[in-house]
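J.: Next comes protein32.cif, mmCIF, C-alpha atoms:
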```
data_protein
#
loop_
_atom_site.label_atom_id
_atom_site.label_comp_id
_atom_site.auth_asym_id
_atom_site.auth_seq_id
_atom_site.Cartn_x
_atom_site.Cartn_y
_atom_site.Cartn_z
CA MET T 23 32.87 29.29 -51.83
CA SER T 24 34.32 28.71 -55.35
CA GLY T 25 35.96 26.03 -57.48
CA ALA T 26 37.94 23.12 -56.01
CA GLY T 27 41.75 23.14 -55.91
CA GLU T 28 42.02 26.66 -54.52
CA ASN T 29 39.52 25.98 -51.76
CA VAL T 30 39.37 24.17 -48.45
CA GLU T 31 37.03 21.25 -49.13
CA VAL T 32 34.79 20.27 -46.21
CA ILE T 33 31.88 18.04 -45.24
CA LEU T 34 29.25 19.55 -42.95
CA ASP T 35 27.70 17.16 -40.42
CA LEU T 36 24.38 18.42 -39.09
CA ARG T 37 23.24 15.13 -37.57
CA GLN T 38 23.77 16.31 -33.98
CA THR T 39 21.75 19.47 -34.52
CA SER T 40 18.10 20.34 -34.80
CA TYR T 41 18.67 22.11 -38.12
CA GLY T 42 16.07 21.67 -40.83
CA PHE T 43 16.91 22.68 -44.41
CA ARG T 44 14.74 25.65 -45.39
CA GLY T 45 16.31 26.80 -48.65
CA PRO T 46 19.64 28.29 -49.87
CA GLU T 47 19.40 31.57 -48.00
CA ALA T 48 18.89 29.93 -44.60
CA PHE T 49 21.69 27.45 -45.33
CA LEU T 50 24.08 30.26 -46.36
CA ALA T 51 23.32 32.04 -43.08
CA LEU T 52 24.16 28.85 -41.17
CA TRP T 53 27.46 28.45 -43.04
CA GLN T 54 28.45 32.05 -42.40
CA GLN T 55 28.13 31.40 -38.63
CA ALA T 56 30.23 28.24 -38.95
CA GLU T 57 32.85 30.01 -41.13
CA ALA T 58 33.16 32.83 -38.59
CA ALA T 59 33.78 30.27 -35.83
CA LEU T 60 36.65 28.72 -37.88
CA ALA T 61 38.61 31.98 -38.15
CA GLY T 62 42.20 31.63 -36.90
CA LYS T 63 42.10 27.82 -36.77
CA ALA T 64 44.77 25.71 -38.54
CA LEU T 65 43.13 23.21 -40.86
CA THR T 66 44.78 20.01 -42.13
CA PRO T 67 43.31 17.15 -44.17
CA SER T 68 41.25 14.59 -42.17
CA THR T 69 40.79 17.08 -39.31
CA ARG T 70 37.31 17.03 -37.72
CA LEU T 71 36.07 20.03 -35.76
CA SER T 72 32.91 20.69 -33.77
CA VAL T 73 31.51 24.20 -34.17
CA PRO T 74 28.76 25.29 -31.75
CA ILE T 75 26.01 27.34 -33.41
CA PRO T 76 23.47 29.11 -31.14
CA ASN T 77 19.93 27.65 -31.32
CA VAL T 78 21.16 24.95 -33.68
CA GLY T 79 23.70 22.76 -31.88
CA ASP T 80 27.18 21.46 -32.62
CA VAL T 81 27.95 21.46 -36.36
CA GLY T 82 30.61 18.95 -37.39
CA VAL T 83 33.21 20.15 -39.96
CA GLU T 84 35.41 17.47 -41.56
CA ILE T 85 38.38 18.72 -43.66
CA LEU T 86 38.78 16.74 -46.92
CA ALA T 87 41.50 18.79 -48.61
CA VAL T 88 43.40 22.11 -48.32
CA PRO T 89 45.37 24.05 -50.96
CA GLY T 90 48.88 22.57 -51.13
CA GLY T 91 47.84 19.54 -49.11
CA GLN T 92 49.56 20.63 -45.89
CA SER T 93 47.92 23.14 -43.55
CA VAL T 94 46.12 26.44 -43.79
CA VAL T 95 45.11 29.02 -41.18
CA VAL T 96 41.63 30.36 -41.78
CA THR T 97 41.49 34.08 -42.63
CA PRO T 98 38.72 36.21 -44.18
CA ALA T 99 40.35 35.44 -47.57
CA THR T 100 40.12 31.64 -47.17
CA LEU T 101 37.79 30.05 -49.68
CA PHE T 102 35.73 26.97 -48.86
CA ALA T 103 33.99 24.37 -50.97
CA ILE T 104 31.29 22.27 -49.31
CA HIS T 105 31.68 18.78 -50.69
CA SER T 106 28.59 17.23 -49.05
CA LEU T 107 26.05 17.72 -46.29
CA LEU T 108 25.08 15.15 -43.67
CA GLU T 109 21.63 15.99 -42.31
CA PRO T 110 19.79 14.60 -39.28
CA PRO T 111 17.06 12.07 -40.07
CA ALA T 112 13.68 13.62 -40.69
CA PRO T 113 11.33 12.28 -37.97
CA ASP T 114 7.86 11.16 -39.00
CA GLN T 115 6.41 13.05 -36.03
CA ARG T 116 8.04 16.37 -35.31
CA CYS T 117 7.75 18.56 -32.24
CA ARG T 118 5.39 21.37 -33.26
CA LEU T 119 7.23 23.90 -31.09
CA CYS T 120 10.62 22.97 -32.55
CA VAL T 121 9.22 23.23 -36.10
CA ARG T 122 8.10 26.75 -35.29
CA ASP T 123 11.73 27.53 -34.36
CA GLY T 124 13.07 25.92 -37.56
CA ARG T 125 14.26 22.67 -35.93
CA ARG T 126 13.39 19.08 -36.79
CA THR T 127 13.20 17.37 -33.40
CA ALA T 128 11.27 14.15 -33.00
CA GLY T 129 8.02 14.64 -31.10
CA ALA T 130 7.29 11.44 -29.19
CA LEU T 131 4.92 12.98 -26.62
CA ARG T 132 1.43 14.36 -26.76
CA CYS T 133 -0.28 17.15 -24.85
CA PRO T 134 -3.95 16.37 -24.04
CA PHE T 135 -4.93 19.96 -24.88
CA CYS T 136 -3.23 20.09 -28.30
CA LYS T 137 -4.61 18.79 -31.60
CA LYS T 138 -4.58 15.03 -32.03
CA ASP T 139 -1.69 14.99 -34.52
CA ASP T 140 0.43 17.61 -32.73
CA ARG T 141 3.49 16.23 -30.92
CA ILE T 142 6.11 17.64 -28.56
CA CYS T 143 9.67 16.66 -27.65
CA ASP T 144 10.91 16.12 -24.11
CA GLU T 145 12.47 19.60 -24.13
CA HIS T 146 9.05 21.19 -24.56
CA ALA T 147 7.11 18.74 -22.35
CA VAL T 148 6.20 19.10 -18.68
CA LEU T 149 5.30 15.98 -16.67
CA VAL T 150 2.96 16.62 -13.76
CA SER T 151 3.84 14.05 -11.08
CA GLY T 152 1.10 11.54 -10.37
CA SER T 153 -0.91 12.34 -13.50
CA LEU T 154 0.99 10.17 -16.01
CA LYS T 155 0.39 12.97 -18.52
CA THR T 156 2.70 15.35 -20.34
CA PHE T 157 1.73 18.89 -21.23
CA CYS T 158 3.28 21.31 -23.69
CA LEU T 159 4.71 24.55 -22.35
CA GLU T 160 1.65 26.43 -23.58
CA HIS T 161 -0.85 24.21 -21.72
CA VAL T 162 0.77 23.46 -18.36
CA PRO T 163 -2.05 23.15 -15.75
CA THR T 164 -2.07 25.67 -12.96
CA CYS T 165 -2.57 25.46 -9.21
CA GLU T 166 -5.44 27.26 -7.47
CA CYS T 167 -2.97 30.09 -6.84
CA GLY T 168 -2.24 30.45 -10.56
CA GLN T 169 1.29 29.02 -10.50
CA PRO T 170 2.26 26.05 -12.75
CA ALA T 171 1.18 22.74 -11.21
CA ALA T 172 3.85 20.27 -10.06
CA ALA T 173 1.82 17.24 -8.98
CA LEU T 174 -1.62 15.69 -8.99
CA CYS T 175 -3.29 15.16 -5.61
CA ARG T 176 -5.06 11.80 -5.35
CA GLY T 177 -6.43 12.31 -1.86
CA PRO T 178 -10.10 11.62 -1.00
CA ARG T 179 -11.45 15.10 -1.78
CA CYS T 180 -9.46 15.61 -4.97
CA ASP T 181 -9.91 12.05 -6.20
CA ALA T 182 -13.69 12.44 -5.99
CA GLU T 183 -13.27 15.34 -8.41
CA GLY T 184 -11.08 13.38 -10.80
CA GLY T 185 -7.81 14.62 -9.32
CA ARG T 186 -6.65 18.20 -8.79
CA MET T 187 -3.22 19.68 -9.50
CA PHE T 188 -1.18 21.92 -7.23
CA CYS T 189 2.13 23.76 -7.28
CA ARG T 190 4.94 22.54 -5.04
CA PRO T 191 4.42 25.11 -2.21
CA HIS T 192 0.77 23.99 -1.86
CA LEU T 193 1.59 20.27 -1.54
CA VAL T 194 2.32 18.36 1.66
CA PRO T 195 4.71 15.39 1.18
CA HIS T 196 3.67 11.90 2.24
CA PRO T 197 5.23 11.08 5.65
CA SER T 198 7.14 8.06 4.33
CA VAL T 199 6.76 7.70 0.54
CA ALA T 200 9.04 9.81 -1.61
CA ASP T 201 7.59 11.64 -4.64
CA LEU T 202 4.04 11.40 -3.24
CA ALA T 203 2.23 14.47 -1.99
CA TYR T 204 -1.26 15.75 -1.24
CA CYS T 205 -3.02 19.06 -0.90
CA SER T 206 -3.41 20.23 2.69
CA THR T 207 -7.11 19.25 2.87
CA CYS T 208 -6.56 15.68 1.64
CA TYR T 209 -3.44 15.28 3.77
CA ALA T 210 -5.40 16.24 6.89
CA ALA T 211 -8.07 13.66 5.98
CA LEU T 212 -5.54 10.87 5.34
CA PHE T 213 -3.06 11.66 8.12
CA PRO T 214 -4.92 13.39 10.96
CA PRO T 215 -3.01 14.17 14.17
CA CYS T 216 -3.41 11.80 17.10
CA ASP T 217 -6.12 13.00 19.50
CA VAL T 218 -3.98 12.28 22.57
CA SER T 219 -2.72 15.54 24.01
CA GLY T 220 0.99 16.11 23.45
CA CYS T 221 1.33 13.29 20.88
CA ASP T 222 2.81 14.19 17.50
CA GLY T 223 1.87 10.87 15.90
CA ILE T 224 -0.54 10.33 13.00
CA GLY T 225 -4.06 9.38 14.06
CA GLY T 226 -4.58 6.73 11.42
CA ILE T 227 -6.61 4.40 13.66
CA GLU T 228 -10.20 5.40 14.32
CA CYS T 229 -12.19 4.26 17.35
CA LEU T 230 -15.20 2.40 15.93
CA HIS T 231 -17.18 2.18 19.18
CA VAL T 232 -20.84 3.10 18.67
CA ASP T 233 -23.11 4.40 21.43
CA SER T 234 -26.03 1.96 21.38
CA GLY T 235 -28.45 4.66 22.50
CA THR T 236 -27.59 7.53 20.17
CA GLU T 237 -25.92 5.35 17.50
CA GLN T 238 -23.15 7.93 17.31
CA PRO T 239 -19.65 6.51 16.65
CA CYS T 240 -16.73 7.66 18.78
CA ARG T 241 -14.38 8.13 15.78
CA ARG T 242 -11.55 9.36 17.97
CA LYS T 243 -8.36 9.29 15.88
CA LEU T 244 -5.30 7.72 17.44
CA CYS T 245 -1.77 6.72 16.51
CA ALA T 246 -0.60 3.11 16.74
CA ARG T 247 0.97 3.82 20.14
CA HIS T 248 -2.27 5.04 21.73
CA ALA T 249 -4.85 2.89 19.93
CA HIS T 250 -6.22 -0.54 20.80
CA ARG T 251 -7.30 -3.19 18.33
CA TRP T 252 -9.92 -5.89 18.62
CA GLN T 253 -8.32 -8.59 16.46
CA VAL T 254 -11.73 -10.03 15.67
CA PHE T 255 -10.89 -10.89 12.05
CA GLY T 256 -7.81 -13.00 12.80
CA PRO T 257 -4.19 -12.23 13.70
CA HIS T 258 -3.18 -11.21 10.17
CA ARG T 259 -5.94 -8.67 9.49
CA ILE T 260 -6.51 -5.22 10.93
CA GLY T 261 -9.11 -5.40 13.67
CA LEU T 262 -11.55 -2.83 15.02
CA GLY T 263 -9.93 0.30 16.41
CA ARG T 264 -10.71 1.29 20.01
CA CYS T 265 -9.67 4.16 22.23
CA ASP T 266 -8.77 3.77 25.92
CA ALA T 267 -12.30 4.58 27.07
CA HIS T 268 -13.85 1.88 24.87
CA SER T 269 -11.23 -0.86 24.96
CA VAL T 270 -12.34 -2.94 27.99
CA LEU T 271 -14.83 -5.67 27.12
CA ARG T 272 -15.61 -6.40 30.77
CA SER T 273 -17.57 -3.13 30.90
CA LEU T 274 -20.03 -4.44 28.27
CA ASP T 275 -22.60 -7.21 28.60
CA ASP T 276 -22.61 -10.06 26.08
CA LEU T 277 -25.26 -8.61 23.82
CA GLU T 278 -23.50 -5.23 23.83
CA VAL T 279 -20.26 -6.92 22.75
CA VAL T 280 -22.04 -8.48 19.77
CA PHE T 281 -23.68 -5.09 19.02
CA GLN T 282 -20.24 -3.42 18.98
CA LEU T 283 -18.82 -6.11 16.69
CA ALA T 284 -21.66 -5.65 14.19
CA ALA T 285 -21.61 -1.84 14.43
CA GLY T 286 -17.80 -1.67 14.13
CA THR T 287 -17.87 -4.00 11.11
CA ALA T 288 -20.54 -1.83 9.48
CA LEU T 289 -18.42 1.29 10.01
CA LEU T 290 -15.35 -0.52 8.70
CA ILE T 291 -17.23 -1.47 5.53
CA SER T 292 -18.32 2.14 4.99
CA LYS T 293 -14.65 3.23 5.19
CA GLU T 294 -13.55 0.75 2.51
CA SER T 295 -13.56 1.47 -1.22
CA PRO T 296 -16.53 -0.07 -3.12
CA GLU T 297 -14.41 -2.84 -4.63
CA LYS T 298 -13.18 -3.95 -1.18
CA ARG T 299 -16.43 -3.80 0.77
CA GLY T 300 -17.46 -7.32 -0.20
CA ARG T 301 -14.34 -8.71 1.52
CA VAL T 302 -15.32 -7.48 5.01
CA HIS T 303 -17.62 -9.77 7.00
CA LEU T 304 -18.69 -10.26 10.59
CA PRO T 305 -16.22 -12.15 12.79
CA THR T 306 -16.74 -15.92 12.91
CA LEU T 307 -18.59 -17.53 15.81
CA PRO T 308 -15.42 -19.25 17.14
CA ALA T 309 -13.60 -15.89 17.09
CA VAL T 310 -16.40 -14.17 19.04
CA ARG T 311 -16.54 -17.12 21.43
CA ARG T 312 -12.88 -16.75 22.25
CA ILE T 313 -13.27 -12.98 22.70
CA LEU T 314 -16.02 -13.57 25.25
CA MET T 315 -14.17 -16.36 27.06
CA LYS T 316 -11.03 -14.27 27.48
CA SER T 317 -12.95 -11.28 28.79
CA ARG T 318 -15.38 -13.25 31.02
CA ASN T 319 -13.05 -16.03 32.18
CA ARG T 320 -15.77 -18.64 31.64
CA LEU T 321 -16.76 -21.12 28.96
CA TYR T 322 -19.09 -20.33 26.07
CA GLU T 323 -20.51 -22.69 23.49
CA VAL T 324 -20.56 -21.64 19.85
CA ALA T 325 -24.34 -22.17 19.87
CA ASP T 326 -24.59 -19.68 22.77
CA VAL T 327 -22.76 -17.05 20.72
CA ASN T 328 -25.04 -17.74 17.76
CA ARG T 329 -28.07 -17.07 19.97
CA LEU T 330 -26.57 -13.67 20.82
CA PHE T 331 -26.54 -12.78 17.11
CA ASP T 332 -30.13 -13.98 16.77
CA LEU T 333 -31.14 -11.74 19.70
CA LEU T 334 -29.26 -8.83 18.15
CA GLU T 335 -31.07 -9.31 14.83
CA ASP T 336 -34.42 -9.20 16.66
CA GLU T 337 -33.43 -6.00 18.46
CA LEU T 338 -32.20 -4.25 15.32
CA GLU T 339 -35.66 -3.12 14.33
CA GLY T 340 -35.81 0.45 13.10
CA GLN T 341 -35.20 2.55 10.06
CA THR T 342 -31.87 4.18 10.85
CA PRO T 343 -29.20 3.48 8.18
CA LEU T 344 -26.83 1.97 10.76
CA ARG T 345 -29.43 -0.47 12.11
CA GLN T 346 -30.42 -1.52 8.62
CA GLN T 347 -26.82 -2.16 7.67
CA MET T 348 -26.13 -4.09 10.89
CA ARG T 349 -29.28 -6.18 10.46
CA GLY T 350 -28.26 -6.96 6.89
CA LEU T 351 -24.80 -8.09 8.04
CA VAL T 352 -26.27 -10.40 10.67
CA ALA T 353 -28.78 -11.86 8.22
CA GLN T 354 -26.12 -12.44 5.56
CA ASN T 355 -23.97 -14.16 8.15
CA GLN T 356 -26.62 -16.71 9.17
CA GLU T 357 -25.55 -19.47 6.77
CA ALA T 358 -21.89 -19.09 7.76
CA ARG T 359 -22.89 -19.30 11.44
CA SER T 360 -24.82 -22.52 10.82
CA ARG T 361 -21.78 -24.08 9.17
CA ALA T 362 -19.58 -22.89 12.03
CA ILE T 363 -21.85 -24.56 14.61
CA ALA T 364 -21.77 -27.90 12.79
CA LYS T 365 -18.01 -27.74 12.29
CA HIS T 366 -17.39 -26.73 15.89
CA GLU T 367 -19.43 -29.63 17.24
CA ASP T 368 -17.43 -32.09 15.13
CA GLU T 369 -14.14 -30.52 16.26
CA LYS T 370 -15.27 -30.44 19.87
CA ASP T 371 -16.11 -34.15 19.84
CA ALA T 372 -12.64 -34.86 18.50
CA GLY T 373 -11.14 -32.47 21.06
CA ARG T 374 -12.91 -34.15 23.97
CA ARG T 375 -11.48 -37.51 22.93
CA ILE T 376 -8.00 -36.01 22.76
CA PHE T 377 -8.55 -34.28 26.11
CA ALA T 378 -9.44 -37.63 27.70
CA ARG T 379 -6.11 -38.98 26.43
CA ILE T 380 -4.34 -35.96 27.91
CA GLN T 381 -5.83 -36.66 31.32
CA GLU T 382 -4.95 -40.35 31.01
CA GLU T 383 -1.33 -39.56 30.12
CA LEU T 384 -1.04 -37.09 32.99
CA ARG T 385 -2.21 -39.74 35.44
CA ALA T 386 0.35 -42.15 33.96
CA MET T 387 3.02 -39.48 34.53
CA GLY T 388 2.05 -39.22 38.21
CA LEU T 389 0.12 -35.95 37.80
CA ALA T 390 -3.39 -37.10 38.75
CA GLU T 391 -4.18 -33.85 40.60
CA VAL T 392 -3.26 -31.81 37.52
CA ALA T 393 -5.35 -34.12 35.32
CA ALA T 394 -8.40 -33.67 37.57
CA SER T 395 -8.01 -29.86 37.63
CA LEU T 396 -7.95 -29.37 33.85
CA VAL T 397 -11.00 -28.08 32.01
CA PHE T 398 -11.33 -28.57 28.27
CA THR T 399 -12.24 -25.35 26.41
CA ASP T 400 -11.45 -25.75 22.72
CA TYR T 401 -9.71 -27.75 20.02
CA ARG T 402 -8.13 -26.25 16.89
CA PRO T 403 -7.19 -28.82 14.25
CA GLY T 404 -4.12 -27.90 12.27
CA TRP T 405 -2.58 -25.67 14.94
CA GLY T 406 0.95 -27.06 15.33
CA SER T 407 3.89 -25.91 17.43
CA LYS T 408 7.20 -24.45 16.35
CA GLY T 409 8.46 -24.53 19.89
CA ASN T 410 10.21 -21.80 21.89
CA ARG T 411 13.87 -21.74 22.79
CA PRO T 412 16.08 -19.49 24.92
CA PRO T 413 18.31 -16.98 23.05
CA GLY T 414 21.54 -18.52 21.82
CA ARG T 415 20.38 -22.13 22.18
CA ALA T 416 20.03 -24.36 19.13
CA PRO T 417 16.41 -25.27 18.33
CA GLU T 418 15.25 -28.63 19.62
CA PRO T 419 13.53 -31.03 17.19
CA GLN T 420 9.75 -30.63 17.47
CA PRO T 421 7.24 -33.38 16.65
CA GLU T 422 4.47 -32.75 14.14
CA LEU T 423 1.41 -31.84 16.20
CA ALA T 424 -2.10 -32.42 14.87
CA GLY T 425 -3.78 -29.35 16.30
CA CYS T 426 -4.02 -27.57 19.63
CA VAL T 427 -6.16 -28.36 22.69
CA PHE T 428 -6.94 -25.35 24.89
CA VAL T 429 -7.42 -25.97 28.60
CA ARG T 430 -7.93 -24.06 31.84
CA SER T 431 -6.07 -24.91 35.02
CA PRO T 432 -5.79 -23.38 38.50
CA PRO T 433 -2.75 -21.06 38.52
CA HIS T 434 -1.06 -22.96 41.37
CA LEU T 435 -0.99 -26.18 39.31
CA ARG T 436 0.21 -24.75 36.01
CA GLY T 437 3.84 -25.03 36.99
CA LEU T 438 3.45 -28.79 37.51
CA LEU T 439 1.94 -29.20 34.06
CA VAL T 440 4.63 -27.12 32.37
CA GLY T 441 7.56 -28.64 34.26
CA ARG T 442 11.15 -27.41 34.44
CA SER T 443 11.92 -25.44 31.25
CA GLY T 444 8.73 -26.87 29.73
CA SER T 445 9.93 -30.49 29.88
CA THR T 446 6.67 -31.95 31.25
CA ILE T 447 4.32 -30.33 28.76
CA ARG T 448 6.64 -31.22 25.84
CA GLU T 449 6.61 -34.86 26.91
CA LEU T 450 2.82 -34.74 27.22
CA GLN T 451 2.52 -33.24 23.72
CA ARG T 452 4.83 -35.92 22.33
CA ARG T 453 2.61 -38.65 23.80
CA VAL T 454 -0.74 -37.30 22.61
CA GLY T 455 0.46 -35.67 19.35
CA VAL T 456 -1.20 -32.29 19.88
CA LYS T 457 -0.18 -28.95 21.34
CA VAL T 458 -1.57 -28.20 24.80
CA SER T 459 -2.15 -24.51 25.50
CA PHE T 460 -3.68 -22.56 28.37
CA GLU T 461 -6.69 -20.45 27.54
CA ARG T 462 -5.63 -16.80 27.82
CA GLU T 463 -7.66 -14.27 29.72
CA GLU T 464 -8.25 -10.70 28.55
CA GLY T 465 -5.16 -8.56 28.98
CA SER T 466 -2.72 -11.48 29.11
CA ARG T 467 -0.01 -11.74 26.47
#
```
Would you kindly transcribe this structure into structure tokens?
T.:
Amino acid sequence: MSGAGENVEVILDLRQTSYGFRGPEAFLALWQQAEAALAGKALTPSTRLSVPIPNVGDVGVEILAVPGGQSVVVTPATLFAIHSLLEPPAPDQRCRLCVRDGRRTAGALRCPFCKKDDRICDEHAVLVSGSLKTFCLEHVPTCECGQPAAALCRGPRCDAEGGRMFCRPHLVPHPSVADLAYCSTCYAALFPPCDVSGCDGIGGIECLHVDSGTEQPCRRKLCARHAHRWQVFGPHRIGLGRCDAHSVLRSLDDLEVVFQLAAGTALLISKESPEKRGRVHLPTLPAVRRILMKSRNRLYEVADVNRLFDLLEDELEGQTPLRQQMRGLVAQNQEARSRAIAKHEDEKDAGRRIFARIQEELRAMGLAEVAASLVFTDYRPGWGSKGNRPPGRAPEPQPELAGCVFVRSPPHLRGLLVGRSGSTIRELQRRVGVKVSFEREEGSR
């Protein structure tokens, strides 16, 4: 490098590099690497070259002028004059590992094990999946086997310990969610195999039947194909899981059914997280009433079901944790049961009046025998009808129906009430303004 006129004048662009100016000697060493890379190249004014420098990056070289103004081929005798230097911006927070290597890379990330003001760049950061934390290369957490951790397990065992990290070979992927994995112990707890021999399904449904004598729960784990559900909390909520051996209500007396509902609800609450436990309550009296009617094929009053809960509360004397929890559930549910009885009586009075109109309309339609055979069982205000239609047929207009009246009828007369393709019962519903539905028995769909 010497005076202008005899030299090739250049501008050095270091903005795409991690170079940090550390004095004349270090800069001269950088230029010597760039000059060596230019050997043999033909340089003309306004030419811009990119020269890769190891551990630095691509240095830009812009030619401002050459001797004679035409072109020059770089040889060891070629003299250069550096007109100016374009440096990368100096970041306020630099990566501490890059600074150690003489680079000025922005450090936007923090390692929880480094000093508060120390930062790292994405090149020197390791993200452990599931932890939402970045670690520097010197503080990467390790698996139990000593290898660098790849993900945080948030399964029940590990979560109780604040989360534990494992390497990829010691993680089991979630069966359906990508980028989610657990350690083998937590995976076995969350996704146990189905207890049915020969089934490869996941036993995610637990049988919540409780032996009333020993108070031991069944807890058999079953897949959705082999499990039964008591939909005691409504059609849109998960019910109480049951295995084949404990799925038939007819094998239990009325008080035992109520015992199983309270015991199963208590077990379900214990399985929920603390913030969700307050959302699980005993089934409503109307729901239990319908469960009993479908399994017994006879009528129950809501007040009769309430008496079963009162009897259960009296029998739940004792100091076992399960009995105490069940007794507490029944006691807490007393006010809701009282409201349910009052509401049911009001609805039943309205239902009986509608049922009388149903019988009257049936007699007017020439179906006196059907009218005499019907038995009123329940009335649900607000239950309308969307109507059913055969595949490929346009939907027929349906009237707005103010609720649903449930009835029982001898099987040999049901066809007369329904009529051809449902024409008779649709006409009846149009006249009375409510849906008319047969009470289902247990096992019917």
J.: Residues within 8 Å of Ala288 of chain T, please, as a PyMOL selection string. Count all atoms listed in the file; anything in the same chain fewer than 2 positions from it doesn't count.
T.: chain T and resi 284-286+290-292+344+347-348+351
J.: Check which residues satisfy the PyMOL selection byres ((chain T and resi 79) around 10) in the file shown, then give them as an mmCIF file with C-alpha atoms, in the coordinates of the input.
T.:
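expr.cif, written as the output of this step:
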```cif
data_model
loop_
_atom_site.group_PDB
_atom_site.id
_atom_site.type_symbol
_atom_site.label_atom_id
_atom_site.label_comp_id
_atom_site.auth_asym_id
_atom_site.auth_seq_id
_atom_site.Cartn_x
_atom_site.Cartn_y
_atom_site.Cartn_z
ATOM 1 C CA LEU T 36 24.380 18.420 -39.090
ATOM 2 C CA ARG T 37 23.240 15.130 -37.570
ATOM 3 C CA GLN T 38 23.770 16.310 -33.980
ATOM 4 C CA THR T 39 21.750 19.470 -34.520
ATOM 5 C CA SER T 40 18.100 20.340 -34.800
ATOM 6 C CA TYR T 41 18.670 22.110 -38.120
ATOM 7 C CA SER T 72 32.910 20.690 -33.770
ATOM 8 C CA VAL T 73 31.510 24.200 -34.170
ATOM 9 C CA PRO T 74 28.760 25.290 -31.750
ATOM 10 C CA ILE T 75 26.010 27.340 -33.410
ATOM 11 C CA PRO T 76 23.470 29.110 -31.140
ATOM 12 C CA ASN T 77 19.930 27.650 -31.320
ATOM 13 C CA VAL T 78 21.160 24.950 -33.680
ATOM 14 C CA ASP T 80 27.180 21.460 -32.620
ATOM 15 C CA VAL T 81 27.950 21.460 -36.360
ATOM 16 C CA GLY T 82 30.610 18.950 -37.390
#
```
J.: Report as number ranges by chain all protein, DNA and RNA residues lying within 7 Å of Cys158 of chain T, evaluated on only C-alpha atoms, omitting residues in the same chain fewer than 5 positions from it.
T.: T: 133, 142, 146-148
J.: Check what the PyMOL selection byres ((chain T and resi 302) around 10) selects in the file above and give those residues as a ChimeraX atom specification.
T.: /T:255,287-288,290-291,294,298-301,303-305,351
J.: Please evaluate the PyMOL selection byres ((chain T and resi 431-437) around 7) against the displayed coordinates and give the resulting residues as a ChimeraX atom specification.
T.: /T:392,395-397,429-430,438-441
J.: Box time for segment 162-172 of chain T: axis-aligned, enclosing all its listed atoms, 6 Å extra on each side; report centre and edge lengths in Å to one decimal, as AutoDock Vina command-line options.
T.:
```
--center_x -0.8 --center_y 25.4 --center_z -12.6 --size_x 21.3 --size_y 22.2 --size_z 23.5
```
J.: Between T:Ser445, T:Ser295, T:Gln282, T:Thr127, which has the minimum distance to Asp144 of chain T (counting all atoms listed in the file)?
T.: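 Under the stated criterion, the closest residue is T:Thr127.
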J.: Leaving out Val458 of chain T and any residue of its chain fewer than 4 positions from it, which residues lie within 8 Å of it when counting all atoms listed in the file, given as a PDB file with C-alpha atoms, in the frame of the given file?
T.:
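What follows is the written file selection_21.pdb:
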```pdb
ATOM      1  CA  CYS T 426      -4.020 -27.570  19.630  1.00  0.00           C
ATOM      2  CA  VAL T 427      -6.160 -28.360  22.690  1.00  0.00           C
ATOM      3  CA  PHE T 428      -6.940 -25.350  24.890  1.00  0.00           C
ATOM      4  CA  VAL T 429      -7.420 -25.970  28.600  1.00  0.00           C
ATOM      5  CA  ILE T 447       4.320 -30.330  28.760  1.00  0.00           C
ATOM      6  CA  GLN T 451       2.520 -33.240  23.720  1.00  0.00           C
TER       7      GLN T 451
END
```
J.: Between T:Ala64, T:Val324, T:Leu314, T:Leu131, single out the one closest to Asp368 of chain T, counting only C-alpha atoms.
T.: T:Val324
J.: Which is closer to Pro134 of chain T than all the others in T:Pro163, T:Gly168, T:Gly404, T:Gly261, using all atoms listed in the file?
T.: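 Looking only at the distances to Pro134 of chain T, the closest residue turns out to be T:Pro163.
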J.: Counting all atoms listed in the file, which residues of segment 225-248 of chain T fall within 12 Å of segment 272-278 of chain T, and what is the closest atom pair for each with its distance in Å at one decimal, ordered by chain and rising number, as a tab-separated table?
T.:
```
residue	atom	partner	partner_atom	distance
T:His231	CA	T:Glu278	CA	10.8
T:Val232	CA	T:Glu278	CA	10.2
T:Asp233	CA	T:Glu278	CA	9.9
T:Ser234	CA	T:Glu278	CA	8.0
T:Gly235	CA	T:Glu278	CA	11.1
```
J.: Output C-alpha atoms of each residue in that selection to a file, as an mmCIF file, keeping the file's coordinate frame.
T.:
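Result file part_15.cif:
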```cif
data_model
loop_
_atom_site.group_PDB
_atom_site.id
_atom_site.type_symbol
_atom_site.label_atom_id
_atom_site.label_comp_id
_atom_site.auth_asym_id
_atom_site.auth_seq_id
_atom_site.Cartn_x
_atom_site.Cartn_y
_atom_site.Cartn_z
ATOM 1 C CA HIS T 231 -17.180 2.180 19.180
ATOM 2 C CA VAL T 232 -20.840 3.100 18.670
ATOM 3 C CA ASP T 233 -23.110 4.400 21.430
ATOM 4 C CA SER T 234 -26.030 1.960 21.380
ATOM 5 C CA GLY T 235 -28.450 4.660 22.500
#
```
J.: Looking at only C-alpha atoms, which of T:Thr156, T:Gln356, T:Ser151, T:Asn328 is the one that sits closest to Ala200 of chain T?
T.: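 Using only C-alpha atoms, the shortest distance to Ala200 of chain T belongs to T:Ser151.
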J.: Work out how far atom CA of Arg379 of chain T is from atom CA of Arg452 of chain T, in Å to one decimal.
T.: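 Separation between atom CA of Arg452 of chain T and atom CA of Arg379 of chain T: 12.1 Å.
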J.: Please compute the atom CA of Pro191 of chain T-atom CA of Ala211 of chain T distance, one decimal, in Å.
T.: 18.8 Å
J.: Got a sec: who's within 8 Å of Leu193 of chain T, counting only C-alpha atoms, leaving out chain neighbours fewer than 2 positions off, as a list in words?
T.: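 My reading of the contact set: Phe188, Cys189, Arg190, Pro191, Pro195, Ala203, Tyr204, Cys205 and Ser206 of chain T.
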